[in-house]
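Student: Hey, dropping input_21.tsv in here, TSV, C-alpha atoms:
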```tsv
chain	number	residue	atom	x	y	z
A	1	MET	CA	114.15	-20.17	60.42
A	2	THR	CA	112.10	-21.99	57.85
A	3	ASN	CA	108.45	-22.97	57.65
A	4	ARG	CA	109.12	-26.01	55.49
A	5	ARG	CA	107.26	-29.09	56.72
A	6	LEU	CA	109.00	-32.41	57.07
A	7	GLU	CA	107.92	-34.88	54.43
A	8	ASP	CA	108.03	-38.61	54.02
A	9	SER	CA	111.53	-39.59	52.72
A	10	ASN	CA	113.38	-36.67	54.39
A	11	ILE	CA	116.32	-37.18	56.67
A	12	VAL	CA	116.65	-34.62	59.44
A	13	ASN	CA	119.49	-33.81	61.78
A	14	VAL	CA	118.78	-32.70	65.34
A	15	ASP	CA	121.72	-30.93	66.98
A	16	VAL	CA	121.31	-29.99	70.65
A	17	THR	CA	123.66	-27.65	72.50
A	18	VAL	CA	123.98	-27.66	76.27
A	19	TYR	CA	125.60	-24.99	78.43
A	20	TYR	CA	126.03	-26.33	81.96
A	21	LYS	CA	128.34	-25.13	84.74
A	22	ASP	CA	130.17	-22.81	82.32
A	23	VAL	CA	130.87	-25.59	79.80
A	24	HIS	CA	129.50	-25.89	76.24
A	25	GLY	CA	128.81	-29.24	74.61
A	26	ASP	CA	126.59	-30.55	71.87
A	27	LEU	CA	125.20	-33.74	70.48
A	28	SER	CA	123.70	-34.62	67.16
A	29	GLU	CA	121.61	-37.39	65.67
A	30	THR	CA	120.19	-37.94	62.19
A	31	PHE	CA	116.70	-39.42	61.80
A	32	PHE	CA	114.55	-40.80	58.98
A	33	VAL	CA	111.18	-39.21	58.34
A	34	GLY	CA	108.91	-42.02	57.18
A	35	GLU	CA	110.24	-44.24	54.41
A	36	VAL	CA	113.52	-43.09	52.84
A	37	ASP	CA	115.24	-44.19	49.65
A	38	GLU	CA	118.16	-46.60	49.71
A	39	ALA	CA	120.74	-43.84	49.07
A	40	SER	CA	119.59	-41.89	52.15
A	41	ARG	CA	119.51	-45.05	54.24
A	42	HIS	CA	123.07	-45.88	53.07
A	43	LEU	CA	124.25	-42.35	53.90
A	44	VAL	CA	122.86	-42.35	57.44
A	45	HIS	CA	124.03	-45.89	58.21
A	46	CYS	CA	127.52	-45.17	56.86
A	47	THR	CA	127.71	-41.99	58.94
A	48	TYR	CA	126.90	-43.98	62.05
A	49	GLU	CA	129.52	-46.57	61.07
A	50	CYS	CA	132.04	-43.73	60.71
A	51	LEU	CA	131.26	-42.72	64.28
A	52	GLU	CA	131.69	-46.32	65.44
A	53	THR	CA	135.06	-46.39	63.62
A	54	ALA	CA	136.11	-43.35	65.65
A	55	ILE	CA	134.92	-44.91	68.91
A	56	PHE	CA	137.09	-47.94	68.19
A	57	ILE	CA	140.15	-45.73	67.50
A	58	VAL	CA	139.90	-43.31	70.43
A	59	LYS	CA	142.05	-44.06	73.47
A	60	PRO	CA	144.98	-42.50	75.29
A	61	GLY	CA	148.16	-42.42	73.22
A	62	ILE	CA	146.45	-42.19	69.80
A	63	ARG	CA	147.25	-39.18	67.58
A	64	PHE	CA	144.28	-36.91	66.81
A	65	ARG	CA	145.16	-37.14	63.11
A	66	ASP	CA	144.43	-40.89	63.24
A	67	VAL	CA	140.70	-40.13	63.37
A	68	GLU	CA	141.12	-39.89	59.58
A	69	ASP	CA	139.97	-43.53	59.44
A	70	ILE	CA	136.49	-41.97	59.27
A	71	ASN	CA	137.48	-40.67	55.83
A	72	ARG	CA	138.64	-44.10	54.70
A	73	HIS	CA	135.34	-45.72	55.67
A	74	ALA	CA	133.23	-42.99	54.04
A	75	THR	CA	135.27	-43.07	50.82
A	76	MET	CA	135.11	-46.87	50.58
A	77	SER	CA	131.33	-46.52	50.89
A	78	GLY	CA	131.17	-44.05	47.98
A	79	LEU	CA	130.56	-41.03	50.22
A	80	ALA	CA	132.61	-38.02	51.32
A	81	VAL	CA	133.60	-36.36	54.60
A	82	VAL	CA	132.58	-32.71	54.90
A	83	LYS	CA	135.96	-31.06	55.51
A	84	SER	CA	134.47	-27.76	56.69
A	85	TYR	CA	133.48	-29.34	60.01
A	86	CYS	CA	135.56	-31.22	62.52
A	87	GLY	CA	135.46	-32.53	66.06
A	88	HIS	CA	136.24	-30.12	68.88
A	89	GLY	CA	136.85	-29.74	72.57
A	90	ILE	CA	134.21	-29.37	75.27
A	91	ARG	CA	135.07	-26.36	77.42
A	92	GLU	CA	134.05	-22.85	78.39
A	93	LEU	CA	134.07	-21.67	74.76
A	94	PHE	CA	131.75	-23.29	72.22
A	95	HIS	CA	133.49	-25.33	69.49
A	96	CYS	CA	136.88	-24.71	71.08
A	97	ALA	CA	140.27	-26.37	70.63
A	98	LEU	CA	141.00	-29.28	70.16
A	99	SER	CA	140.37	-29.35	66.43
A	100	ILE	CA	139.89	-32.93	65.23
A	101	PRO	CA	139.59	-33.27	61.43
A	102	HIS	CA	137.80	-36.36	60.11
A	103	TYR	CA	139.46	-36.40	56.70
A	104	GLY	CA	142.62	-38.00	55.37
A	105	ARG	CA	146.07	-36.40	55.33
A	106	ASN	CA	145.08	-33.87	57.96
A	107	LYS	CA	147.68	-32.06	60.01
A	108	ALA	CA	146.04	-32.30	63.43
A	109	VAL	CA	148.60	-32.16	66.22
A	110	GLY	CA	148.54	-33.78	69.60
A	111	ILE	CA	147.96	-37.10	71.26
A	112	MET	CA	144.82	-38.21	73.10
A	113	LYS	CA	145.21	-38.28	76.86
A	114	ALA	CA	143.13	-39.73	79.67
A	115	GLY	CA	140.78	-37.08	81.06
A	116	GLN	CA	140.42	-35.07	77.83
A	117	THR	CA	136.86	-34.37	76.81
A	118	PHE	CA	136.10	-33.77	73.16
A	119	ILE	CA	133.53	-34.41	70.45
A	120	ILE	CA	133.96	-36.34	67.23
A	121	GLU	CA	131.17	-35.51	64.81
A	122	PRO	CA	131.60	-36.92	61.33
A	123	MET	CA	129.44	-35.11	58.78
A	124	ILE	CA	129.23	-37.31	55.72
A	125	ASN	CA	127.93	-36.15	52.36
A	126	ALA	CA	126.46	-38.02	49.40
A	127	ARG	CA	128.82	-36.32	46.91
A	128	HIS	CA	132.54	-35.63	46.82
A	129	PHE	CA	132.64	-32.02	45.63
A	130	PHE	CA	130.52	-29.42	47.34
A	131	TYR	CA	130.54	-26.19	49.30
A	132	LEU	CA	128.66	-25.47	52.49
A	133	ILE	CA	126.67	-22.39	53.36
A	134	SER	CA	125.72	-21.65	56.95
A	135	ILE	CA	122.46	-19.72	57.22
A	136	SER	CA	121.67	-19.01	60.85
A	137	VAL	CA	121.64	-22.51	62.34
A	138	PHE	CA	120.95	-24.28	59.03
A	139	ILE	CA	123.70	-25.96	57.06
A	140	VAL	CA	122.98	-26.43	53.36
A	141	THR	CA	125.14	-28.04	50.70
A	142	ILE	CA	125.20	-25.87	47.59
A	143	TYR	CA	124.08	-28.73	45.36
A	144	LEU	CA	121.53	-29.81	47.96
A	145	TYR	CA	122.99	-33.27	48.37
A	146	CYS	CA	122.12	-35.07	51.58
A	147	SER	CA	124.39	-34.95	54.61
A	148	SER	CA	124.25	-36.90	57.85
A	149	VAL	CA	125.83	-36.31	61.28
A	150	PHE	CA	126.27	-38.25	64.51
A	151	ILE	CA	128.37	-37.09	67.46
A	152	LEU	CA	130.54	-39.04	69.87
A	153	ARG	CA	130.49	-37.07	73.10
A	154	ASN	CA	131.96	-36.94	76.59
A	155	LEU	CA	135.05	-38.86	75.74
A	156	ALA	CA	137.57	-39.26	78.53
```
Starting from the file, lay out its structure as structure tokens.
Tutor:
Amino acid sequence: MTNRRLEDSNIVNVDVTVYYKDVHGDLSETFFVGEVDEASRHLVHCTYECLETAIFIVKPGIRFRDVEDINRHATMSGLAVVKSYCGHGIRELFHCALSIPHYGRNKAVGIMKAGQTFIIEPMINARHFFYLISISVFIVTIYLYCSSVFILRNLA
């Protein structure tokens, strides 16, 4: 845990996990703290647009690998998909199968079916080359570039 105070111009991600009736699920939203610069505003808005792109794609009969359109939108906006994270199922185990990559040329298998419940959570980064470190519940890009996340949840 950190004692760092939020400051004007920060963007902050709030990720909430729920465990209810033996099922794990989570949701995430990125917020502005005060006035943010145009690059941060672009990042957060593009991330939300990537989520909307996924919402438009998702329906029974679509291949999970087709969620890669998120990557196309992010790249055309000058941003990058964080490949270390992907969408996942909502079940008894946290972050369980299905694994739904958000980047291009992925090898995800399977076709979306009515009644499946899964999460699509594009994490978009302001730079194309980076590594991620997970420290407890904090995710930090090595070069400290901004990232933004929104989650599409309870999809059936």
Student: Which of these, A:Ile119, A:Ala80, A:Ile100, A:Val58, has the shortest distance to His24 in chain A once you count all atoms listed in the file?
Tutor: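 Of A:Ile119, A:Ala80, A:Ile100, A:Val58, the one nearest His24 in chain A, counting all atoms listed in the file, is A:Ile119.
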Student: Could you give me, as a list in words, the residues that sit within 6 Å of (125.2, -33.3, 72.6) in the file's coordinates, counting all atoms listed in the file?
Tutor: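 It turns out the residues near that spot are Val16, Thr17, Gly25, Asp26, Leu27 and Ser28 of chain A.
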Student: Smallest atom-to-atom distance to Ile124 in chain A: which of A:Ile57, A:Leu43, A:Met76, A:Leu51, using only C-alpha atoms?
Tutor: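 Closest to Ile124 in chain A of all the choices is A:Leu43.
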Student: Suppose you want the space between CA of Pro122 in chain A and CA of Glu38 in chain A; what is it in Å?
Tutor: 20.2 Å
Student: What is the distance between CA of Arg72 in chain A and CA of Thr53 in chain A, in Å to one decimal?
Tutor: 9.9 Å
Student: Out of A:Ala39, A:Ser99, A:Arg65, A:Lys59, which residue has the shortest atom-to-atom distance to Gly115 in chain A when counting all atoms listed in the file?
Tutor: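 Among A:Ala39, A:Ser99, A:Arg65, A:Lys59, it is A:Lys59 that comes nearest to Gly115 in chain A.
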Student: What gap, in Å, lies between CA of Pro60 in chain A and CA of Lys107 in chain A?
Tutor: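 That distance, rounded to one decimal, is 18.7 Å.
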Student: Using only C-alpha atoms, find the one residue out of A:Ile120, A:Ala114, A:Cys50, A:Leu6 that sits nearest to Ser77 in chain A.
Tutor: A:Cys50
Student: Taking into account all atoms listed in the file, which residue in the set A:His73, A:Arg91, A:Lys83, A:Arg63 is nearest to Met112 in chain A?
Tutor: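 Among the listed residues, the smallest separation from Met112 in chain A belongs to A:Arg63.
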Student: Name the closest residue to Val33 in chain A among the candidates A:Asn10, A:Asn3, A:Thr117, A:Ser84; distances are taken between atoms, counting all atoms listed in the file.
Tutor: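 When distances to Val33 in chain A are compared using all atoms listed in the file, the smallest one comes from A:Asn10.
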Student: Please report, as lines of an AutoDock Vina configuration file, the centre and edge lengths in Å to one decimal of an axis-aligned box covering all listed atoms of range 57-62 of chain A with 3 Å per side.
Tutor:
```
center_x = 144.0
center_y = -44.0
center_z = 71.4
size_x = 14.3
size_y = 9.5
size_z = 13.8
```
Student: Fewer than 4 positions away in the same chain doesn't count, so skip those; otherwise give me all residues within 10 Å of His42 in chain A, counting only C-alpha atoms, as JSON, numbers by chain.
Tutor: {"A": [36, 37, 38, 46, 47, 48, 77, 78, 79, 126]}
Student: Find the residues with any atom within 8 Å of (141.9, -40.6, 59.5); use all atoms listed in the file and the coordinates as given in the file, and write the answer as a ChimeraX atom specification.
Tutor: /A:65-72,101-106
